[in-house]
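Peer 1: Handing you a structure now.
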Amino acid sequence: MPDYVVGIDLGGTKIMGAVVDAKGKMVSRVMKLTQAERGPVPVLDRIVDVIKEAVSASAGGPADRKRIGMDNIAAIGIGSPGPLDPDKGIVVFTPNLPGWRDIHVVEYVEKATGKKVFMDNDVKVGVLGEQAFGAGRGVRTLIGLFVGTGIGGGVIIRGKLHRGFSKQAGELGHTVIDYKGPKCGCGQSGCLEAMASRQAMCRKIAEQVKAGKETVIRETDPMQITTRMMVDALRKKDKVVTDVMTDALEILGIGIASISHVVSPEMVIIGGGIVDALDDEMMDVIVNSAKKRALPLVMDNVKFVRASLGEDAGVLGASVLARQGLTGER
Ligand SMILES: [Zn+2]
């Protein structure tokens, strides 16, 4: 009886793979650089290599004397950057992987491995991982938001990733906050991502530096402002950085309130490098902003927590995707 699945987290820089048991224990973990510049087929071959290496790395390890081979693998789950079609297993296109247009990822990996393969958006899969084995363990209905260069998210309803009719549900970063706001990468204006992502924060800080405001940050190029610089500035009580970040967190709370009116989550999981670096006081800006803007009862007893799996959320979520795919619960 195959007890294991392989979870794959495909990123623009690296591919992570792990053999995972039903309890979310990783019995092996492998990483390879994506080498996205080589184009789609070499990347697909590297995914297959990561799968095979993860399986052979898990065979006969000191902690688990039982040999695990391809026969013990029930299915494979993949979290990939999108937009993608999870039913057809096709990545439609993605800015993170140059040259990718209508790439049949699932078909390719199924042919190469002989296993059933299931794929969905990387961030949504990460939220699924947090729900199953991380901060959201035991919680059935939740939303997850990851603040990075952009803002990704996912919605879990009754233990399953909510996909909706178009299979695109959960694009929380494109919740519109201000239709006259700054341009978003998606082409619209004033999306949550355009107003509260790390990139948006850096842009606003750089504008203040250019305007000659007093701050410990010297960079006028937003691309040169690092998370470390921002966190150091916060510790030094730098007014410019504190104000910009407080404003972004307030906006994040507005987004969470709007999303909560639709979903009514029991928990809100917030993650991403910049969020991990915030102290509890700054986290409370998000919570208070969301609570004060929601209708009565909507936010009562809703738990706000930090994501807890770090970069393992992707592979663990992909393992859940694979198991749910096999049982038809996906
Ligand atoms: Zn957008």
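Please note that chains go A, B, ... in the order of the structure tokens, that every chain numbers its residues from 1, and that ligands are numbered from 1 in the order shown.
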May I ask you to write as number ranges by chain all residues lying at most 12 Å from ligand 1, with only C-alpha atoms and all ligand atoms counted?

Peer 2: A: 150-152, 171-179, 181-197

Peer 1: Run DSSP on the backbone of this structure and report the residues of region 213-247 of chain A it assigns to alpha helix (DSSP H), as a tab-separated table (two decimals) with N, CA and C atoms, in the first residue's frame.

Peer 2:
chain	number	residue	atom	x	y	z
A	227	THR	N	14.38	44.16	2.92
A	227	THR	CA	13.56	43.92	4.11
A	227	THR	C	14.37	44.26	5.37
A	228	ARG	N	15.65	43.87	5.34
A	228	ARG	CA	16.54	44.13	6.49
A	228	ARG	C	16.61	45.64	6.79
A	229	MET	N	16.80	46.44	5.71
A	229	MET	CA	16.86	47.90	5.90
A	229	MET	C	15.58	48.41	6.55
A	230	MET	N	14.44	47.90	6.08
A	230	MET	CA	13.15	48.37	6.60
A	230	MET	C	12.99	47.99	8.06
A	231	VAL	N	13.39	46.76	8.39
A	231	VAL	CA	13.24	46.29	9.77
A	231	VAL	C	14.17	47.06	10.71
A	232	ASP	N	15.41	47.31	10.24
A	232	ASP	CA	16.35	48.11	11.04
A	232	ASP	C	15.78	49.50	11.30
A	233	ALA	N	15.22	50.08	10.25
A	233	ALA	CA	14.65	51.43	10.38
A	233	ALA	C	13.49	51.44	11.38
A	234	LEU	N	12.68	50.37	11.35
A	234	LEU	CA	11.57	50.26	12.31
A	234	LEU	C	12.09	50.23	13.74
A	235	ARG	N	13.15	49.44	13.95
A	235	ARG	CA	13.74	49.33	15.31
A	235	ARG	C	14.26	50.67	15.79
A	239	LYS	N	10.65	57.54	11.43
A	239	LYS	CA	9.25	57.95	11.24
A	239	LYS	C	8.73	57.62	9.84
A	240	VAL	N	9.58	57.88	8.82
A	240	VAL	CA	9.15	57.63	7.44
A	240	VAL	C	8.77	56.16	7.25
A	241	VAL	N	9.68	55.27	7.65
A	241	VAL	CA	9.44	53.84	7.45
A	241	VAL	C	8.27	53.36	8.31
A	242	THR	N	8.21	53.82	9.55
A	242	THR	CA	7.11	53.42	10.44
A	242	THR	C	5.76	53.86	9.86
A	243	ASP	N	5.71	55.09	9.37
A	243	ASP	CA	4.45	55.60	8.81
A	243	ASP	C	4.03	54.82	7.55
A	244	VAL	N	5.01	54.61	6.66
A	244	VAL	CA	4.69	53.89	5.41
A	244	VAL	C	4.21	52.47	5.72
A	245	MET	N	4.91	51.81	6.64
A	245	MET	CA	4.53	50.42	6.93
A	245	MET	C	3.21	50.35	7.70
A	246	THR	N	3.00	51.27	8.61
A	246	THR	CA	1.73	51.28	9.36
A	246	THR	C	0.57	51.47	8.39
A	247	ASP	N	0.77	52.36	7.43
A	247	ASP	CA	-0.26	52.62	6.44
A	247	ASP	C	-0.55	51.36	5.60

Peer 1: Pick out the closest residue to Val305 (chain A) from this set: A:Val275, A:Ala206, A:Ala57, A:Leu321. Count only C-alpha atoms.

Peer 2: A:Val275

Peer 1: In terms of the shortest atom-to-atom distance over only C-alpha atoms, which of A:Pro222, A:Gly126, A:Gly114, A:Gly212 is closest to Met70 (chain A)?

Peer 2: A:Gly114

Peer 1: Could you list, as a VMD selection string, every residue within 12 Å of Ile73 (chain A), counting only C-alpha atoms and ignoring same-chain residues fewer than 5 positions away?

Peer 2: chain A and resid 1 to 7 18 to 22 51 to 52 54 to 56 58 to 59 67 to 68 113 to 117 319 322 to 323 326

Peer 1: Which of region 70-294 of chain A end up as strand (DSSP E or B) when DSSP is run on this backbone - answer as a PyMOL selection string?

Peer 2: chain A and resi 73-80+84-85+90-93+101-104+116-121+142-147+151-157+160-161+176+183+189+191+267-271

Peer 1: Rounded to one decimal place, report the CA of Gly255 (chain A)-CA of Val268 (chain A) distance in Å.

Peer 2: 11.7 Å

Peer 1: Between A:Met282, A:Ala200, A:Met267, A:Ala36, which is the closest to Val127 (chain A) once you count only C-alpha atoms?

Peer 2: A:Met267
